[in-house]
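Trainee: I am attaching a structure below and will ask some questions about it afterwards.
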Amino acid sequence: MPALEKTTRLADPVVTAGDRLYAIGSQNGLFPDSWGGHVPNEMWGIWAHPIKLLDGFWLGLVHPSFGSVRWLAEAELCRVSPGYTEFEYSFPNLRVSRRDFAPDGLAGLVVSLRVTTTGTWPEGMHVRASFTSDLRPAWLGERAGWRDTPDRVAWRTTDQALIFRDRDNPWFAAIGADVTATDIVLDQVEIAFQRTAGQGACAGVSWPLTGDGQLTFFIAGSAQSEDEALETLRRLRAEHTALFRAKQATYHTILDTCALDCPDAGLNRAFAWSKVNCQMLARDVPGLGHGVGAGLPVYPWWFGIDIEYAALPMLQAGLFNLTQDSLRLLHQASLAANPDQPGRVIHELTTTGVVFNNGNLVEAPAFVRAVHQYWLWTGDSAWVRELYPFCKQALLEYTLGRCDPDGDLCPSGRSIIETPEMHAGLECIDVTTYTCEALAALGELAQIAGDTAILPELRRRADELAERIRREWWLEQEGLFADVRASKREVNELLTHLEQMVREQDWLAGSLEQAQIGAGLFTTELARHAGAPDEVDLPWLLRHWIILCPLEAGLASEPQAAHAFTRLESAEFCNEWGMKLHPDRRDVMSINTGLLALAEARYGRLEQALGYVRKLADVLAVRTPGAISEALPDQWCFLQLWSALGVISPIVEGVFGIAPRAAEKRLRVIGNLPATWPQASLRHVRVGAATVDVTLAQNETERRIQVVCSDPAYTFEMGWVVPAGIEVVETRLNNYPAEWRLEPTRSGSIVVCGAQSMADLTIRLAKIA
């Protein structure tokens, strides 16, 4: 995959990421203090969670003929490749290339410089490097008993290393190069190229460039001891070439797994980078766990709903281990944080080991759904049996027990929408929709676990809740599903106490203004329900984006879906970047835009689905090369985990119709190419222990699917979405006539044939006369 590069807007952020350490700076190669965030001014820089190591480093070239230091102050180009970042600088007769990479498995960063000249090489040229430490804990470290104190710096001649340490804590950064230093300056603020906030120390080192104009230096860290930091530094020095090769091999495997090849180059690129981005957000904190973080720079730690949304695209991308580790981490942290509320899934776990917000209700059923998705793709029944008791608690004891006091299968509790009225204990459509999905999912998990006695009740509840959503949450006159259900009495009590709730809660960055906005959303609805009884649950339309959730889950009837999509696609809810969080806000996020794309795909509306996927793909180089921001096109976190869902899943499901059951060695593939695509393929799709290649092709009269599986024991159902007004003339499987059937689905009628291991299905179509 070619690298992505930028030559403008180089003050935008970029990250060089490893699972133990990452470095965030600007694309011009500098390390300014960041805006805001949970730790103000500190979210950029070099982090080896649970601590920060450095605010940054600044490099310059020194030679007597220069007169002064030629600081590498403004890169003219930033280039991002899977696994490393490059910066290009130019001076009269000199060009400088810098490459940064962070190996996985080590709290280290490797920075390589190469200087070339168009004239005579200036013998004796040195690199002047300035470092500013900021050894401090990540967010909420104070709740874990950690207190940041001023840093100290020393030079270890025997190790040729700068050693930064926090005065009162065993937090260390060790810095050295592949050559001997010629000059060291300690504890002088003047040497810092940029002043940064915090209690850090400063140091400067001069290193000679080798005869071929190269220098490599290394940054290592530890939250445990100086010896550990120095040992990491020694490994970086000795093994950095092999570590770089290993890093490239990791990303090559990711790119080669579930590799998309279609006529739309922008989609191919966004699909590949979305897989890479998931790995870039992997976070390994010794003693705490390994899992995928939510976003950079503000949310590098772990979130329940973010991991649950990202589970599907990560599994489709073949990132099985990362998905399992992430779900395991949520499970373990939830058990520890909620001993008195079994089944509650945490919302946020920091890398300091502190749980902030023990869980929004939406995260419990979404966890069950994610575990089921894991089983479908991996076939790992043993691990599912291990998690089954918790999944059962999450859905039946917590969601539909503790949080459903009226027993109507519509739980009352916090939505994913983080506004006061959506965290006020009402029944919310996202929670209800995911509960319905989780009931069906838990049924399959129960079979795996041998808990078959509860299957009839789970099926009954799932069917009843699906029908209730279609009947009681649907607003025919609006053509939309409601955000919440509540009685008039509950709403009036909420409006009376909403401002007090905002003052007392600590899980939202709430404000009285937010409370007033939330109250205003009910005003029109109160007039609508003026004649209704006070104690009857009623649907209330507030127009948050979660009203698309029944479409995401495929629960809406076809007429309901048609009405809802028409309105959701309009300027009321969407703008040029995607779907707004609310019609009264211009903010567009990648998650709701991606879910709208997935919903469209699940109802066979492929052109509309790909339209939203392209909106995500089009911002890939707007801010940070290779990344889709949390808010489109270029706001909030510049690298966001759940952005992958809106690129990967609509294509895997909507174009290729891939639906695995790995434990049973069964796979369904239903093609649905856009009209302008003659072909498309997905190579090396992981399904259990097997890999599958899928190729789709079409012309005016034929549709062709080729499936090749590495495991001959697999059986397939193969087919194609048949447009209205078209009939099937003939089907041939491996060049022989084949039996087929026509199935009605949300996507329209599909022609389906059975096959095994290696299959080449051709379907001849004709217009109905």
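By convention in this document, the chains of the structure tokens carry letters A, B, ... by their order, each chain's residues are numbered from 1, and ligands are numbered from 1 in the order they are shown.
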Name the residues of range 53-268 of chain A that fall into helix (DSSP H, G or I) according to DSSP on the backbone, using the chain letters and numbers of this document, as number ranges by chain.

Mentor: A: 64-66, 141-144, 189-191, 226-256, 265-268

Trainee: List every residue of range 529-641 of chain A that has an atom at most 7 Å from any atom of range 287-311 of chain A, giving for each one its closest atom pair and the distance in Å to one decimal, counting only C-alpha atoms, sorted by chain and then by ascending residue number, as JSON lines.

Mentor:
{"residue": "A:Cys637", "atom": "CA", "partner": "A:Leu296", "partner_atom": "CA", "distance": 5.2}
{"residue": "A:Phe638", "atom": "CA", "partner": "A:Leu296", "partner_atom": "CA", "distance": 6.1}
{"residue": "A:Leu639", "atom": "CA", "partner": "A:Leu296", "partner_atom": "CA", "distance": 5.3}
{"residue": "A:Gln640", "atom": "CA", "partner": "A:Gly295", "partner_atom": "CA", "distance": 4.3}
{"residue": "A:Leu641", "atom": "CA", "partner": "A:Ala294", "partner_atom": "CA", "distance": 5.2}

Trainee: Mind writing the picked residues with all heavy atoms as a PDB file, in the first residue's frame?

Mentor:
ATOM      1  N   CYS A 637     -10.668  13.742  18.154  1.00  0.00           N
ATOM      2  CA  CYS A 637      -9.550  12.800  17.990  1.00  0.00           C
ATOM      3  C   CYS A 637      -9.214  12.625  16.513  1.00  0.00           C
ATOM      4  O   CYS A 637     -10.102  12.402  15.694  1.00  0.00           O
ATOM      5  CB  CYS A 637      -9.902  11.443  18.601  1.00  0.00           C
ATOM      6  SG  CYS A 637      -9.825  11.387  20.404  1.00  0.00           S
ATOM      7  N   PHE A 638      -7.910  12.710  16.196  1.00  0.00           N
ATOM      8  CA  PHE A 638      -7.522  12.569  14.794  1.00  0.00           C
ATOM      9  C   PHE A 638      -7.442  11.110  14.362  1.00  0.00           C
ATOM     10  O   PHE A 638      -7.459  10.813  13.161  1.00  0.00           O
ATOM     11  CB  PHE A 638      -6.180  13.274  14.529  1.00  0.00           C
ATOM     12  CG  PHE A 638      -4.996  12.682  15.243  1.00  0.00           C
ATOM     13  CD1 PHE A 638      -4.296  11.611  14.709  1.00  0.00           C
ATOM     14  CD2 PHE A 638      -4.556  13.204  16.463  1.00  0.00           C
ATOM     15  CE1 PHE A 638      -3.195  11.076  15.365  1.00  0.00           C
ATOM     16  CE2 PHE A 638      -3.460  12.677  17.119  1.00  0.00           C
ATOM     17  CZ  PHE A 638      -2.782  11.606  16.569  1.00  0.00           C
ATOM     18  N   LEU A 639      -7.345  10.195  15.309  1.00  0.00           N
ATOM     19  CA  LEU A 639      -7.333   8.755  15.027  1.00  0.00           C
ATOM     20  C   LEU A 639      -8.373   8.118  15.929  1.00  0.00           C
ATOM     21  O   LEU A 639      -8.253   8.188  17.160  1.00  0.00           O
ATOM     22  CB  LEU A 639      -5.944   8.171  15.298  1.00  0.00           C
ATOM     23  CG  LEU A 639      -5.773   6.667  15.082  1.00  0.00           C
ATOM     24  CD1 LEU A 639      -6.021   6.302  13.629  1.00  0.00           C
ATOM     25  CD2 LEU A 639      -4.373   6.226  15.508  1.00  0.00           C
ATOM     26  N   GLN A 640      -9.407   7.526  15.351  1.00  0.00           N
ATOM     27  CA  GLN A 640     -10.548   7.058  16.130  1.00  0.00           C
ATOM     28  C   GLN A 640     -10.871   5.619  15.779  1.00  0.00           C
ATOM     29  O   GLN A 640     -11.045   5.270  14.609  1.00  0.00           O
ATOM     30  CB  GLN A 640     -11.766   7.946  15.861  1.00  0.00           C
ATOM     31  CG  GLN A 640     -12.970   7.642  16.737  1.00  0.00           C
ATOM     32  CD  GLN A 640     -12.784   8.064  18.185  1.00  0.00           C
ATOM     33  OE1 GLN A 640     -11.984   8.963  18.453  1.00  0.00           O
ATOM     34  NE2 GLN A 640     -13.501   7.454  19.100  1.00  0.00           N
ATOM     35  N   LEU A 641     -10.964   4.786  16.796  1.00  0.00           N
ATOM     36  CA  LEU A 641     -11.157   3.352  16.598  1.00  0.00           C
ATOM     37  C   LEU A 641     -12.411   3.041  15.804  1.00  0.00           C
ATOM     38  O   LEU A 641     -12.375   2.303  14.814  1.00  0.00           O
ATOM     39  CB  LEU A 641     -11.200   2.658  17.963  1.00  0.00           C
ATOM     40  CG  LEU A 641     -11.532   1.165  17.947  1.00  0.00           C
ATOM     41  CD1 LEU A 641     -10.449   0.390  17.219  1.00  0.00           C
ATOM     42  CD2 LEU A 641     -11.723   0.638  19.364  1.00  0.00           C
TER      43      LEU A 641
END

Trainee: To one decimal place, how far is CA of Asn358 in chain A from CA of Ile417 in chain A in Å?

Mentor: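 Computing it gives 16.0 Å between the two atoms.
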
Trainee: What's around Lys488 in chain A at 9 Å? Count only C-alpha atoms, leave out sequence neighbours fewer than 6 positions away in its own chain, and write the answer as a short mmCIF file (atom, residue, chain, number, x, y, z; two decimals) with N, CA and C atoms, in the first residue's frame.

Mentor:
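Result written to around.cif:
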data_model
loop_
_atom_site.label_atom_id
_atom_site.label_comp_id
_atom_site.auth_asym_id
_atom_site.auth_seq_id
_atom_site.Cartn_x
_atom_site.Cartn_y
_atom_site.Cartn_z
N LEU A 526 -44.32 17.25 24.27
CA LEU A 526 -45.34 17.39 25.31
C LEU A 526 -46.65 17.87 24.72
N HIS A 529 -48.40 15.01 23.00
CA HIS A 529 -49.01 14.02 23.89
C HIS A 529 -49.93 14.66 24.93
N ALA A 530 -50.43 15.85 24.63
CA ALA A 530 -51.22 16.59 25.62
C ALA A 530 -52.42 15.80 26.13
N ALA A 532 -52.77 12.51 26.27
CA ALA A 532 -52.46 11.14 26.66
C ALA A 532 -52.49 10.97 28.17
N PRO A 533 -52.76 9.75 28.67
CA PRO A 533 -52.72 9.51 30.13
C PRO A 533 -51.33 9.77 30.69
N ASP A 534 -51.24 10.09 31.96
CA ASP A 534 -49.97 10.43 32.58
C ASP A 534 -49.08 9.22 32.82
N GLU A 535 -49.66 8.02 32.98
CA GLU A 535 -48.87 6.87 33.42
C GLU A 535 -48.56 5.86 32.32
N VAL A 536 -48.90 6.17 31.10
CA VAL A 536 -48.68 5.24 29.99
C VAL A 536 -47.38 5.60 29.28
N ASP A 537 -46.54 4.58 29.01
CA ASP A 537 -45.30 4.83 28.26
C ASP A 537 -45.62 5.28 26.85
N LEU A 538 -44.96 6.36 26.43
CA LEU A 538 -45.18 6.94 25.11
C LEU A 538 -43.85 7.12 24.39
#

Trainee: Which residue out of A:Arg485, A:Arg666, A:Arg9, A:His240 has the minimum interatomic distance to Val110 in chain A when only C-alpha atoms are used?

Mentor: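 When distances to Val110 in chain A are compared using only C-alpha atoms, the smallest one comes from A:His240.
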
Trainee: Given the choices A:Pro678, A:Gly594, A:Gly124, A:Pro50, which gets closest to Ser649 in chain A if the distance is worked out from only C-alpha atoms?

Mentor: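 Looking at the shortest contact to Ser649 in chain A, the residue is A:Gly594.
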
Trainee: Give me the residues within 10 Å of Leu315 in chain A as a list in words, counting only C-alpha atoms and dropping any in the same chain fewer than 4 places off.

Mentor: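 After dropping sequence-adjacent residues, the list is Cys258, Ala310, Ala311, Leu319, Phe320, Asn321, Leu322, Thr323, Gln324, Ala370, Gln373, Tyr374, Trp375, Leu376, Trp377, Thr378, Ser649, Val685, Arg686 and Val687 of chain A.
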
Trainee: For range 79-88 of chain A, work out the shell of residues within 10 Å, counting only C-alpha atoms and skipping chain neighbours fewer than 6 positions away, then give it as a PyMOL selection string.

Mentor: chain A and resi 1-7+14-18+27-29+72+95-104+110-114+244+246-252+254-255+272-273+276-277+279-280+624-627

Trainee: Find the residues near range 333-338 of chain A: any atom within 9 Å, counting only C-alpha atoms, skip ones fewer than 2 places away on the same chain, and give them as a short mmCIF file (atom, residue, chain, number, x, y, z; two decimals) with N, CA, C and O atoms, in the first residue's frame.

Mentor:
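Below is the file result-v6.cif, written as the result:
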data_model
loop_
_atom_site.label_atom_id
_atom_site.label_comp_id
_atom_site.auth_asym_id
_atom_site.auth_seq_id
_atom_site.Cartn_x
_atom_site.Cartn_y
_atom_site.Cartn_z
N ARG A 328 -11.68 -9.40 26.58
CA ARG A 328 -11.24 -9.97 27.85
C ARG A 328 -10.95 -8.87 28.87
O ARG A 328 -11.31 -8.96 30.04
N LEU A 329 -10.30 -7.81 28.41
CA LEU A 329 -9.98 -6.70 29.30
C LEU A 329 -11.25 -6.05 29.84
O LEU A 329 -11.34 -5.74 31.04
N LEU A 330 -12.24 -5.84 28.98
CA LEU A 330 -13.52 -5.30 29.44
C LEU A 330 -14.17 -6.22 30.46
O LEU A 330 -14.71 -5.76 31.49
N HIS A 331 -14.14 -7.49 30.19
CA HIS A 331 -14.74 -8.47 31.09
C HIS A 331 -14.08 -8.43 32.47
O HIS A 331 -14.76 -8.31 33.50
N ASP A 340 -21.09 -5.53 42.92
CA ASP A 340 -22.46 -5.47 43.42
C ASP A 340 -23.50 -5.34 42.31
O ASP A 340 -24.70 -5.30 42.58
N GLN A 341 -23.02 -5.24 41.06
CA GLN A 341 -23.93 -5.16 39.91
C GLN A 341 -23.46 -6.14 38.84
O GLN A 341 -22.96 -5.72 37.79
N PRO A 342 -23.57 -7.43 39.09
CA PRO A 342 -23.04 -8.43 38.15
C PRO A 342 -23.61 -8.22 36.75
O PRO A 342 -24.82 -8.06 36.57
N GLY A 343 -22.72 -8.23 35.77
CA GLY A 343 -23.14 -8.06 34.38
C GLY A 343 -23.02 -6.64 33.86
O GLY A 343 -23.10 -6.42 32.65
N ARG A 344 -22.81 -5.68 34.74
CA ARG A 344 -22.63 -4.31 34.27
C ARG A 344 -21.27 -4.19 33.61
O ARG A 344 -20.25 -4.65 34.15
N VAL A 345 -21.21 -3.58 32.44
CA VAL A 345 -19.97 -3.45 31.66
C VAL A 345 -19.46 -2.02 31.79
O VAL A 345 -20.21 -1.07 31.57
N ILE A 346 -18.20 -1.90 32.14
CA ILE A 346 -17.63 -0.58 32.37
C ILE A 346 -17.67 0.27 31.10
O ILE A 346 -17.65 -0.24 29.98
N HIS A 347 -17.66 1.58 31.31
CA HIS A 347 -17.58 2.50 30.18
C HIS A 347 -16.15 2.89 29.86
O HIS A 347 -15.76 2.92 28.70
N LEU A 349 -11.91 2.69 31.19
CA LEU A 349 -10.82 2.22 32.03
C LEU A 349 -9.55 2.93 31.60
O LEU A 349 -9.11 2.78 30.45
N GLY A 353 -5.33 2.28 35.63
CA GLY A 353 -6.10 1.25 36.30
C GLY A 353 -7.36 1.74 36.97
O GLY A 353 -8.00 0.99 37.71
N VAL A 355 -11.23 3.00 36.89
CA VAL A 355 -12.47 2.98 36.11
C VAL A 355 -13.19 4.30 36.33
O VAL A 355 -13.50 4.67 37.46
N ASN A 358 -18.69 3.46 35.79
CA ASN A 358 -18.78 2.01 35.89
C ASN A 358 -19.60 1.36 34.79
O ASN A 358 -19.61 0.13 34.69
N GLY A 359 -20.22 2.17 33.96
CA GLY A 359 -20.88 1.59 32.80
C GLY A 359 -22.18 2.28 32.44
O GLY A 359 -23.00 2.55 33.31
N PHE A 390 -20.96 -14.55 32.32
CA PHE A 390 -21.00 -13.09 32.42
C PHE A 390 -21.99 -12.52 31.40
O PHE A 390 -22.74 -11.58 31.71
#

Trainee: Please provide the set of residues having any atom within 12 Å of Thr120 in chain A, restricted to only C-alpha atoms, with same-chain residues fewer than 6 positions apart removed, written as an MDAnalysis selection string.

Mentor: chainID A and resid 92:94

Trainee: As a PyMOL selection string, please: every residue in range 195-381 of chain A that DSSP puts in strand (DSSP E or B).

Mentor: chain A and resi 202-208+214-222+259-261+282-285+289-292+295-296+299+302-303+348-349+355

Trainee: Under the rule of at most 12 Å, produce a per-residue listing of range 364-388 of chain A near range 394-416 of chain A: chain, number, name, the closest pair of atoms, and the distance in Å, as a tab-separated table, using only C-alpha atoms.

Mentor:
residue	atom	partner	partner_atom	distance
A:Ala364	CA	A:Ala394	CA	5.4
A:Pro365	CA	A:Leu395	CA	5.9
A:Ala366	CA	A:Leu395	CA	9.5
A:Phe367	CA	A:Ala394	CA	8.2
A:Val368	CA	A:Leu395	CA	7.4
A:Arg369	CA	A:Leu395	CA	10.2
A:Val371	CA	A:Ala394	CA	11.8
A:Leu387	CA	A:Ala394	CA	10.6
A:Tyr388	CA	A:Ala394	CA	9.7

Trainee: Would you put the residues from that selection into a file with N, CA and C atoms, as a short mmCIF file (atom, residue, chain, number, x, y, z; two decimals), in the first residue's frame?

Mentor:
data_model
loop_
_atom_site.label_atom_id
_atom_site.label_comp_id
_atom_site.auth_asym_id
_atom_site.auth_seq_id
_atom_site.Cartn_x
_atom_site.Cartn_y
_atom_site.Cartn_z
N ALA A 364 -23.87 -3.09 28.15
CA ALA A 364 -24.09 -4.48 28.55
C ALA A 364 -24.62 -5.33 27.39
N PRO A 365 -25.74 -4.97 26.75
CA PRO A 365 -26.18 -5.80 25.61
C PRO A 365 -25.20 -5.74 24.43
N ALA A 366 -24.53 -4.60 24.25
CA ALA A 366 -23.56 -4.50 23.16
C ALA A 366 -22.38 -5.45 23.39
N PHE A 367 -22.03 -5.71 24.64
CA PHE A 367 -20.96 -6.67 24.93
C PHE A 367 -21.39 -8.08 24.52
N VAL A 368 -22.61 -8.46 24.83
CA VAL A 368 -23.10 -9.79 24.45
C VAL A 368 -23.07 -9.93 22.93
N ARG A 369 -23.50 -8.90 22.23
CA ARG A 369 -23.48 -8.93 20.77
C ARG A 369 -22.05 -9.10 20.25
N VAL A 371 -19.44 -10.49 21.77
CA VAL A 371 -18.95 -11.84 22.03
C VAL A 371 -19.52 -12.81 21.00
N LEU A 387 -16.92 -17.10 28.82
CA LEU A 387 -17.57 -15.79 29.01
C LEU A 387 -19.09 -15.89 29.15
N TYR A 388 -19.64 -17.06 28.84
CA TYR A 388 -21.10 -17.17 28.83
C TYR A 388 -21.75 -16.76 30.15
#

Trainee: So, counting only C-alpha atoms, which residue among A:Gly37, A:Pro32, A:Phe131, A:Gln224 is closest to Phe57 in chain A?

Mentor: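 Once distances to Phe57 in chain A are computed over only C-alpha atoms, the minimum belongs to A:Phe131.
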
Trainee: Looking at A:Thr116, A:Gln477, A:Thr132, A:Ser34, which one is nearest to Leu54 in chain A, with distances taken over only C-alpha atoms?

Mentor: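 Once distances to Leu54 in chain A are computed over only C-alpha atoms, the minimum belongs to A:Thr132.
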